[in-house]
Amino acid sequence: KAGVTQTPRYLIKTRGQQVTLSCSPISGHRSVSWYQQTPGQGLQFLFEYFSETQRNKGNFPGRFSGRQFSNSRSEMNVSTLELGDSALYLCASIEGTGVSNEQFFGPGTRLTVL
Amino acid sequence: GDSVTQMEGPVTLSEEAFLTINCTYTATGYPSLFWYVQYPGEGLQLLLKATKADDKGSNKGFEATYRKETTSFHLEKGSVQVSDSAVYFCALSGPPQIPTFGRGTSLIVHP
């Protein structure tokens with residue numbers, strides 16, 4: 001089986017812009033979760049989608065949003081970028097129906113905000 | 001809120017040494033506990049998990065036991081190899097908790 005695919009792998013944006021990141025989960029997996037990883041805060045949960053519905057949400061401002069399509073692919077969007085949004089954004093494909101099941105992580109998208 | 005605390009790194013060991021990485025947690029309810037490993041330039045991979053008290057997760061020579069009385073899930077390996085050099089993350093999840101990760105512990109193993 002192919003693993004989790006995230007595109008793009010690297011992205012450079014300027015403050016105030018918006019960005020969309022994409023994640024394709026493992027075939028057959030219907031749940032996707034998103035995380036932000038920074039040296040200062042570690043790995044923080046953004047949100048989880050299951051069958052096109054957001055099922056769980058972390059403590060991030062409304063500038064961070066996501067969606068999931070009928071083929072389970074997911075996108076996350078960050079609007080009005082701030083310098084502090086520079087991070088590695090990880091997507092995880094979840095086997096089973098909840099985040100207590102194993103998560104298969106993609107390689108991440110490295111976002112740099114200038 | 002829920003939290004996971006890991007020992008700070010880096011942990012530096014010689015090959016074949018014994019490894020312990022401490023992890024303690026606070027959570028409501030009865031979460032599942034996980035150890036993930038992240039090799040340089042890669043995403044996280046599940047190393048092992050335990051879903052209830054006294055369960056022992058094990059994989060590739062690594063072990064961790066879910067200790068509810070001490071709220072701990074320490075990672076151990078009897079003999080580390082250079083290829084074990086990576087960052088290790090302790091995590092909890094399961095309703096009602098959202099997934100919560102520790103800050104990660106870097107392990108460096110010298111030949």
# chains A, B, ... in the order shown; residues from 1 in each chain; ligands from 1
$ residues_around --residues "Phe45 of chain A" --least-positions-apart "2" --cutoff "9 Å" --atoms "only C-alpha atoms" --output "compact mmCIF listing (two decimals) with all heavy atoms, in the first residue's frame"
# COMPACT_ATOMS: atom_id res chain seq x y z
N SER A 33 -6.03 13.17 10.43
CA SER A 33 -5.81 14.20 11.44
C SER A 33 -4.64 15.06 11.01
O SER A 33 -3.77 14.63 10.25
CB SER A 33 -5.55 13.59 12.82
OG SER A 33 -4.47 12.70 12.78
N TRP A 34 -4.61 16.28 11.50
CA TRP A 34 -3.57 17.26 11.17
C TRP A 34 -2.90 17.74 12.45
O TRP A 34 -3.56 17.94 13.48
CB TRP A 34 -4.17 18.46 10.44
CG TRP A 34 -4.59 18.20 9.03
CD1 TRP A 34 -5.81 17.78 8.59
CD2 TRP A 34 -3.79 18.38 7.85
NE1 TRP A 34 -5.83 17.68 7.23
CE2 TRP A 34 -4.59 18.05 6.74
CE3 TRP A 34 -2.48 18.80 7.62
CZ2 TRP A 34 -4.14 18.11 5.42
CZ3 TRP A 34 -2.03 18.87 6.30
CH2 TRP A 34 -2.85 18.54 5.23
N TYR A 35 -1.57 17.96 12.35
CA TYR A 35 -0.79 18.43 13.48
C TYR A 35 0.15 19.54 13.01
O TYR A 35 0.62 19.54 11.88
CB TYR A 35 0.05 17.31 14.07
CG TYR A 35 -0.74 16.18 14.66
CD1 TYR A 35 -1.22 15.15 13.88
CD2 TYR A 35 -1.02 16.15 16.03
CE1 TYR A 35 -1.96 14.12 14.42
CE2 TYR A 35 -1.74 15.12 16.59
CZ TYR A 35 -2.21 14.10 15.78
OH TYR A 35 -2.93 13.08 16.33
N GLN A 36 0.47 20.42 13.97
CA GLN A 36 1.51 21.41 13.75
C GLN A 36 2.69 21.04 14.64
O GLN A 36 2.51 20.81 15.84
CB GLN A 36 1.00 22.81 14.13
CG GLN A 36 2.02 23.92 13.90
CD GLN A 36 1.61 25.21 14.59
OE1 GLN A 36 1.57 25.28 15.81
NE2 GLN A 36 1.32 26.23 13.79
N GLN A 37 3.89 20.98 14.07
CA GLN A 37 5.08 20.65 14.85
C GLN A 37 6.06 21.81 14.80
O GLN A 37 6.50 22.22 13.72
CB GLN A 37 5.75 19.37 14.34
CG GLN A 37 6.91 18.91 15.19
CD GLN A 37 7.54 17.61 14.71
OE1 GLN A 37 7.41 17.22 13.56
NE2 GLN A 37 8.22 16.92 15.62
N LEU A 43 4.47 18.92 19.14
CA LEU A 43 3.44 18.46 18.20
C LEU A 43 2.08 18.80 18.78
O LEU A 43 1.72 18.34 19.86
CB LEU A 43 3.57 16.95 18.04
CG LEU A 43 3.08 16.32 16.75
CD1 LEU A 43 3.97 16.73 15.61
CD2 LEU A 43 3.10 14.81 16.88
N PHE A 47 -6.86 19.27 13.95
CA PHE A 47 -8.22 18.73 13.80
C PHE A 47 -8.18 17.34 13.20
O PHE A 47 -7.16 16.90 12.68
CB PHE A 47 -9.14 19.63 12.95
CG PHE A 47 -8.45 20.52 11.96
CD1 PHE A 47 -7.75 20.01 10.88
CD2 PHE A 47 -8.50 21.89 12.11
CE1 PHE A 47 -7.13 20.84 9.97
CE2 PHE A 47 -7.88 22.73 11.21
CZ PHE A 47 -7.19 22.21 10.13
N GLU A 48 -9.34 16.69 13.29
CA GLU A 48 -9.50 15.34 12.75
C GLU A 48 -10.77 15.30 11.92
O GLU A 48 -11.80 15.87 12.31
CB GLU A 48 -9.59 14.31 13.85
CG GLU A 48 -9.72 12.88 13.34
CD GLU A 48 -10.61 11.99 14.19
OE1 GLU A 48 -10.98 12.39 15.31
OE2 GLU A 48 -10.95 10.89 13.73
N LYS A 57 -11.34 18.92 17.31
CA LYS A 57 -10.61 20.14 16.96
C LYS A 57 -9.72 20.52 18.13
O LYS A 57 -10.13 20.46 19.29
CB LYS A 57 -11.60 21.27 16.68
CG LYS A 57 -10.98 22.53 16.11
CD LYS A 57 -12.07 23.53 15.77
CE LYS A 57 -11.54 24.73 14.99
NZ LYS A 57 -10.40 25.40 15.61
N GLY A 58 -8.49 20.93 17.82
CA GLY A 58 -7.57 21.40 18.83
C GLY A 58 -7.78 22.87 19.11
O GLY A 58 -8.72 23.50 18.62
N ASN A 59 -6.86 23.42 19.88
CA ASN A 59 -7.01 24.79 20.34
C ASN A 59 -6.23 25.75 19.43
O ASN A 59 -5.22 26.32 19.82
CB ASN A 59 -6.51 24.90 21.79
CG ASN A 59 -6.83 26.23 22.40
OD1 ASN A 59 -7.77 26.90 21.99
ND2 ASN A 59 -6.04 26.62 23.39
N PHE A 60 -6.70 25.94 18.24
CA PHE A 60 -6.09 26.85 17.28
C PHE A 60 -7.11 27.89 16.85
O PHE A 60 -8.31 27.63 16.85
CB PHE A 60 -5.57 26.08 16.05
CG PHE A 60 -4.23 25.45 16.25
CD1 PHE A 60 -4.12 24.24 16.92
CD2 PHE A 60 -3.09 26.06 15.78
CE1 PHE A 60 -2.88 23.66 17.12
CE2 PHE A 60 -1.84 25.48 15.97
CZ PHE A 60 -1.74 24.28 16.64
N ILE B 98 -8.33 14.69 23.10
CA ILE B 98 -7.74 14.84 21.77
C ILE B 98 -6.31 14.33 21.87
O ILE B 98 -5.75 14.26 22.96
CB ILE B 98 -7.77 16.31 21.30
CG1 ILE B 98 -6.90 17.19 22.19
CG2 ILE B 98 -9.19 16.81 21.20
CD1 ILE B 98 -6.74 18.60 21.65
N PRO B 99 -5.71 13.95 20.76
CA PRO B 99 -4.34 13.44 20.84
C PRO B 99 -3.40 14.48 21.44
O PRO B 99 -3.40 15.64 21.04
CB PRO B 99 -3.99 13.16 19.37
CG PRO B 99 -5.30 12.96 18.72
CD PRO B 99 -6.25 13.89 19.41
N THR B 100 -2.60 14.04 22.40
CA THR B 100 -1.66 14.92 23.08
C THR B 100 -0.29 14.26 23.07
O THR B 100 -0.16 13.10 23.45
CB THR B 100 -2.11 15.17 24.53
OG1 THR B 100 -3.44 15.73 24.51
CG2 THR B 100 -1.18 16.15 25.23
N PHE B 101 0.71 15.01 22.60
CA PHE B 101 2.06 14.48 22.46
C PHE B 101 3.00 15.17 23.45
O PHE B 101 2.83 16.35 23.77
CB PHE B 101 2.59 14.72 21.04
CG PHE B 101 2.02 13.80 20.01
CD1 PHE B 101 0.72 13.94 19.57
CD2 PHE B 101 2.79 12.79 19.47
CE1 PHE B 101 0.18 13.09 18.62
CE2 PHE B 101 2.27 11.93 18.50
CZ PHE B 101 0.96 12.07 18.09
$ interface_residues --of "chain A" --to "chain B" --cutoff "9 Å" --atoms "only C-alpha atoms" --output "ChimeraX atom specification"
/A:39-45,47,56-58,90-92,98-108
$ atom_distance --atom1 "atom CA of Thr105 of chain B" --atom2 "atom CA of Ser85 of chain B"
10.5 Å
$ atom_distance --atom1 "atom CA of Val113 of chain A" --atom2 "atom CA of Glu82 of chain A"
6.8 Å
$ residues_around --residues "Arg67 of chain B" --least-positions-apart "2" --cutoff "10 Å" --atoms "only C-alpha atoms" --output "JSON, numbers by chain"
{"B": [24, 52, 53, 54, 55, 56, 64, 65, 69, 70, 71, 72, 73, 74]}
$ residues_around --residues "Thr12 of chain B" --least-positions-apart "3" --cutoff "12 Å" --atoms "only C-alpha atoms" --output "JSON, numbers by chain"
{"B": [8, 9, 15, 17, 18, 19, 20, 21, 80, 81, 82, 84, 85, 86, 87, 105, 106, 107, 108, 109, 110, 111]}
$ residues_around --residues "segment 15-23 of chain A" --least-positions-apart "4" --cutoff "7 Å" --atoms "only C-alpha atoms" --output "VMD selection string"
chain A and resid 5 to 8 73 to 83 91 113 to 114
$ residues_around --residues "Thr112 of chain A" --least-positions-apart "2" --cutoff "9 Å" --atoms "only C-alpha atoms" --output "list in words"
Tyr10, Leu11, Ile12, Lys13, Thr14, Leu83, Asp85, Ser86, Ala87, Leu88, Arg110 and Leu114 of chain A
$ select_by_dssp --residues "segment 4-111 of chain A" --states "strand (DSSP E)" --output "CSV table (one decimal) with N, CA, C and O atoms, in the first residue's frame"
chain,number,residue,atom,x,y,z
A,5,THR,N,0.6,10.7,1.6
A,5,THR,CA,1.2,11.7,0.7
A,5,THR,C,0.8,13.1,1.1
A,5,THR,O,-0.4,13.4,1.3
A,6,GLN,N,1.8,14.0,1.3
A,6,GLN,CA,1.5,15.4,1.6
A,6,GLN,C,2.1,16.2,0.5
A,6,GLN,O,3.3,16.0,0.1
A,7,THR,N,1.4,17.2,0.0
A,7,THR,CA,1.9,18.2,-0.9
A,7,THR,C,1.5,19.6,-0.6
A,7,THR,O,0.4,19.8,0.0
A,10,TYR,N,7.5,21.6,0.7
A,10,TYR,CA,8.1,22.8,1.2
A,10,TYR,C,7.3,24.0,0.6
A,10,TYR,O,6.9,23.9,-0.6
A,11,LEU,N,7.2,25.0,1.4
A,11,LEU,CA,6.4,26.2,1.0
A,11,LEU,C,7.0,27.4,1.7
A,11,LEU,O,7.2,27.4,2.9
A,12,ILE,N,7.1,28.5,0.9
A,12,ILE,CA,7.5,29.7,1.5
A,12,ILE,C,6.5,30.8,1.2
A,12,ILE,O,6.1,30.9,0.0
A,13,LYS,N,5.9,31.4,2.2
A,13,LYS,CA,4.9,32.5,2.0
A,13,LYS,C,5.3,33.7,2.8
A,13,LYS,O,6.2,33.7,3.6
A,19,VAL,N,-2.5,29.9,2.7
A,19,VAL,CA,-1.9,28.7,2.2
A,19,VAL,C,-2.9,27.5,2.3
A,19,VAL,O,-3.7,27.4,3.2
A,20,THR,N,-2.8,26.6,1.3
A,20,THR,CA,-3.5,25.4,1.4
A,20,THR,C,-2.6,24.2,1.3
A,20,THR,O,-1.8,24.1,0.3
A,21,LEU,N,-2.7,23.3,2.2
A,21,LEU,CA,-1.9,22.1,2.2
A,21,LEU,C,-2.8,20.9,1.9
A,21,LEU,O,-3.9,20.8,2.4
A,22,SER,N,-2.2,19.9,1.3
A,22,SER,CA,-3.0,18.7,0.9
A,22,SER,C,-2.5,17.4,1.5
A,22,SER,O,-1.2,17.3,1.7
A,23,CYS,N,-3.4,16.5,1.7
A,23,CYS,CA,-3.0,15.2,2.3
A,23,CYS,C,-3.8,14.1,1.7
A,23,CYS,O,-5.1,14.2,1.7
A,24,SER,N,-3.2,13.1,1.2
A,24,SER,CA,-3.9,11.9,0.7
A,24,SER,C,-3.6,10.7,1.6
A,24,SER,O,-2.4,10.3,1.7
A,31,SER,N,-10.2,8.3,8.1
A,31,SER,CA,-10.0,9.4,9.1
A,31,SER,C,-8.6,10.0,8.8
A,31,SER,O,-7.6,9.3,8.5
A,32,VAL,N,-8.6,11.3,8.9
A,32,VAL,CA,-7.3,12.0,8.7
A,32,VAL,C,-7.2,13.0,9.9
A,32,VAL,O,-8.2,13.7,10.2
A,33,SER,N,-6.0,13.2,10.4
A,33,SER,CA,-5.8,14.2,11.4
A,33,SER,C,-4.6,15.1,11.0
A,33,SER,O,-3.8,14.6,10.2
A,34,TRP,N,-4.6,16.3,11.5
A,34,TRP,CA,-3.6,17.3,11.2
A,34,TRP,C,-2.9,17.7,12.4
A,34,TRP,O,-3.6,17.9,13.5
A,35,TYR,N,-1.6,18.0,12.4
A,35,TYR,CA,-0.8,18.4,13.5
A,35,TYR,C,0.2,19.5,13.0
A,35,TYR,O,0.6,19.5,11.9
A,36,GLN,N,0.5,20.4,14.0
A,36,GLN,CA,1.5,21.4,13.8
A,36,GLN,C,2.7,21.0,14.6
A,36,GLN,O,2.5,20.8,15.8
A,37,GLN,N,3.9,21.0,14.1
A,37,GLN,CA,5.1,20.6,14.9
A,37,GLN,C,6.1,21.8,14.8
A,37,GLN,O,6.5,22.2,13.7
A,38,THR,N,6.4,22.3,16.0
A,38,THR,CA,7.4,23.4,16.1
A,38,THR,C,8.4,23.1,17.2
A,38,THR,O,8.0,22.3,18.1
A,42,GLY,N,6.3,21.8,20.2
A,42,GLY,CA,6.2,20.4,20.0
A,42,GLY,C,5.1,20.1,19.0
A,42,GLY,O,4.8,20.9,18.1
A,43,LEU,N,4.5,18.9,19.1
A,43,LEU,CA,3.4,18.5,18.2
A,43,LEU,C,2.1,18.8,18.8
A,43,LEU,O,1.7,18.3,19.9
A,44,GLN,N,1.3,19.6,18.1
A,44,GLN,CA,0.0,20.0,18.5
A,44,GLN,C,-1.1,19.6,17.6
A,44,GLN,O,-1.0,19.8,16.4
A,45,PHE,N,-2.2,19.1,18.1
A,45,PHE,CA,-3.3,18.6,17.3
A,45,PHE,C,-4.1,19.8,16.8
A,45,PHE,O,-4.5,20.7,17.5
A,46,LEU,N,-4.4,19.7,15.5
A,46,LEU,CA,-5.2,20.8,14.8
A,46,LEU,C,-6.6,20.3,14.7
A,46,LEU,O,-7.5,20.9,15.2
A,47,PHE,N,-6.9,19.3,14.0
A,47,PHE,CA,-8.2,18.7,13.8
A,47,PHE,C,-8.2,17.3,13.2
A,47,PHE,O,-7.2,16.9,12.7
A,48,GLU,N,-9.3,16.7,13.3
A,48,GLU,CA,-9.5,15.3,12.7
A,48,GLU,C,-10.8,15.3,11.9
A,48,GLU,O,-11.8,15.9,12.3
A,49,TYR,N,-10.7,14.6,10.8
A,49,TYR,CA,-11.9,14.5,9.9
A,49,TYR,C,-12.1,13.0,9.7
A,49,TYR,O,-11.2,12.2,9.6
A,50,PHE,N,-13.4,12.7,9.7
A,50,PHE,CA,-13.9,11.3,9.4
A,50,PHE,C,-15.1,11.4,8.5
A,50,PHE,O,-16.0,12.1,8.8
A,53,THR,N,-16.5,14.9,7.8
A,53,THR,CA,-17.0,15.6,8.9
A,53,THR,C,-15.8,15.9,9.9
A,53,THR,O,-15.1,14.9,10.2
A,54,GLN,N,-15.8,17.1,10.4
A,54,GLN,CA,-14.8,17.4,11.4
A,54,GLN,C,-15.2,16.8,12.7
A,54,GLN,O,-16.3,17.1,13.3
A,55,ARG,N,-14.4,15.9,13.3
A,55,ARG,CA,-14.9,15.2,14.5
A,55,ARG,C,-14.2,15.7,15.8
A,55,ARG,O,-14.7,15.4,16.9
A,56,ASN,N,-13.1,16.3,15.6
A,56,ASN,CA,-12.3,16.8,16.8
A,56,ASN,C,-11.5,18.0,16.4
A,56,ASN,O,-11.1,18.1,15.2
A,57,LYS,N,-11.3,18.9,17.3
A,57,LYS,CA,-10.6,20.1,17.0
A,57,LYS,C,-9.7,20.5,18.1
A,57,LYS,O,-10.1,20.5,19.3
A,64,PHE,N,-7.1,28.7,11.0
A,64,PHE,CA,-6.8,27.4,10.6
A,64,PHE,C,-8.1,26.6,10.4
A,64,PHE,O,-9.0,26.5,11.2
A,65,SER,N,-8.2,26.1,9.2
A,65,SER,CA,-9.5,25.4,8.8
A,65,SER,C,-9.1,24.2,8.0
A,65,SER,O,-8.0,24.1,7.4
A,66,GLY,N,-10.0,23.3,7.8
A,66,GLY,CA,-9.7,22.1,7.0
A,66,GLY,C,-11.0,21.6,6.4
A,66,GLY,O,-12.1,22.0,6.7
A,67,ARG,N,-10.8,20.6,5.6
A,67,ARG,CA,-12.0,19.9,5.0
A,67,ARG,C,-11.5,18.5,4.5
A,67,ARG,O,-10.3,18.3,4.3
A,68,GLN,N,-12.5,17.7,4.3
A,68,GLN,CA,-12.2,16.3,3.7
A,68,GLN,C,-13.1,16.1,2.6
A,68,GLN,O,-14.3,16.4,2.7
A,74,SER,N,-7.7,15.2,2.2
A,74,SER,CA,-8.0,16.3,3.1
A,74,SER,C,-7.1,17.5,2.7
A,74,SER,O,-6.0,17.3,2.2
A,75,GLU,N,-7.6,18.6,3.0
A,75,GLU,CA,-6.8,19.9,2.8
A,75,GLU,C,-6.9,20.7,4.1
A,75,GLU,O,-8.0,20.6,4.8
A,76,MET,N,-5.9,21.4,4.4
A,76,MET,CA,-6.0,22.4,5.5
A,76,MET,C,-5.6,23.7,5.0
A,76,MET,O,-4.7,23.8,4.1
A,77,ASN,N,-6.2,24.8,5.5
A,77,ASN,CA,-6.0,26.1,5.0
A,77,ASN,C,-5.6,27.0,6.2
A,77,ASN,O,-6.2,26.9,7.3
A,78,VAL,N,-4.6,27.8,6.0
A,78,VAL,CA,-4.3,28.8,7.0
A,78,VAL,C,-4.4,30.2,6.3
A,78,VAL,O,-3.7,30.4,5.3
A,87,ALA,N,6.2,26.3,10.5
A,87,ALA,CA,6.2,25.0,11.2
A,87,ALA,C,6.2,23.8,10.2
A,87,ALA,O,6.1,24.1,9.0
A,88,LEU,N,6.3,22.6,10.7
A,88,LEU,CA,6.1,21.4,9.9
A,88,LEU,C,4.7,21.0,10.2
A,88,LEU,O,4.3,20.8,11.3
A,89,TYR,N,3.9,20.8,9.1
A,89,TYR,CA,2.5,20.4,9.3
A,89,TYR,C,2.4,19.0,8.9
A,89,TYR,O,2.7,18.6,7.7
A,90,LEU,N,2.0,18.2,9.8
A,90,LEU,CA,1.9,16.7,9.6
A,90,LEU,C,0.5,16.3,9.4
A,90,LEU,O,-0.4,16.7,10.2
A,91,CYS,N,0.3,15.4,8.5
A,91,CYS,CA,-1.0,14.8,8.3
A,91,CYS,C,-0.9,13.3,8.7
A,91,CYS,O,0.1,12.7,8.5
A,92,ALA,N,-1.9,12.8,9.4
A,92,ALA,CA,-1.9,11.3,9.7
A,92,ALA,C,-3.2,10.7,9.2
A,92,ALA,O,-4.3,11.2,9.3
A,93,SER,N,-3.0,9.5,8.7
A,93,SER,CA,-4.1,8.7,8.2
A,93,SER,C,-4.4,7.7,9.3
A,93,SER,O,-3.4,7.0,9.8
A,94,ILE,N,-5.6,7.5,9.6
A,94,ILE,CA,-5.9,6.7,10.8
A,94,ILE,C,-6.6,5.4,10.4
A,94,ILE,O,-7.7,5.4,9.7
A,103,GLN,N,-2.0,5.8,14.0
A,103,GLN,CA,-1.9,6.9,13.1
A,103,GLN,C,-0.7,6.7,12.2
A,103,GLN,O,0.4,6.4,12.7
A,104,PHE,N,-0.9,6.8,10.9
A,104,PHE,CA,0.2,6.7,10.0
A,104,PHE,C,0.5,8.1,9.4
A,104,PHE,O,-0.3,8.7,8.8
A,105,PHE,N,1.7,8.6,9.8
A,105,PHE,CA,2.0,10.0,9.5
A,105,PHE,C,2.7,10.1,8.1
A,105,PHE,O,3.5,9.2,7.7
A,109,THR,N,4.6,18.9,5.5
A,109,THR,CA,4.9,20.1,4.7
A,109,THR,C,5.6,21.1,5.5
A,109,THR,O,5.0,21.5,6.6
A,110,ARG,N,6.7,21.5,5.1
A,110,ARG,CA,7.5,22.5,5.9
A,110,ARG,C,7.1,23.9,5.3
A,110,ARG,O,7.4,24.3,4.2
A,111,LEU,N,6.4,24.7,6.2
A,111,LEU,CA,5.9,26.0,5.8
A,111,LEU,C,6.8,27.1,6.5
A,111,LEU,O,7.0,27.0,7.7
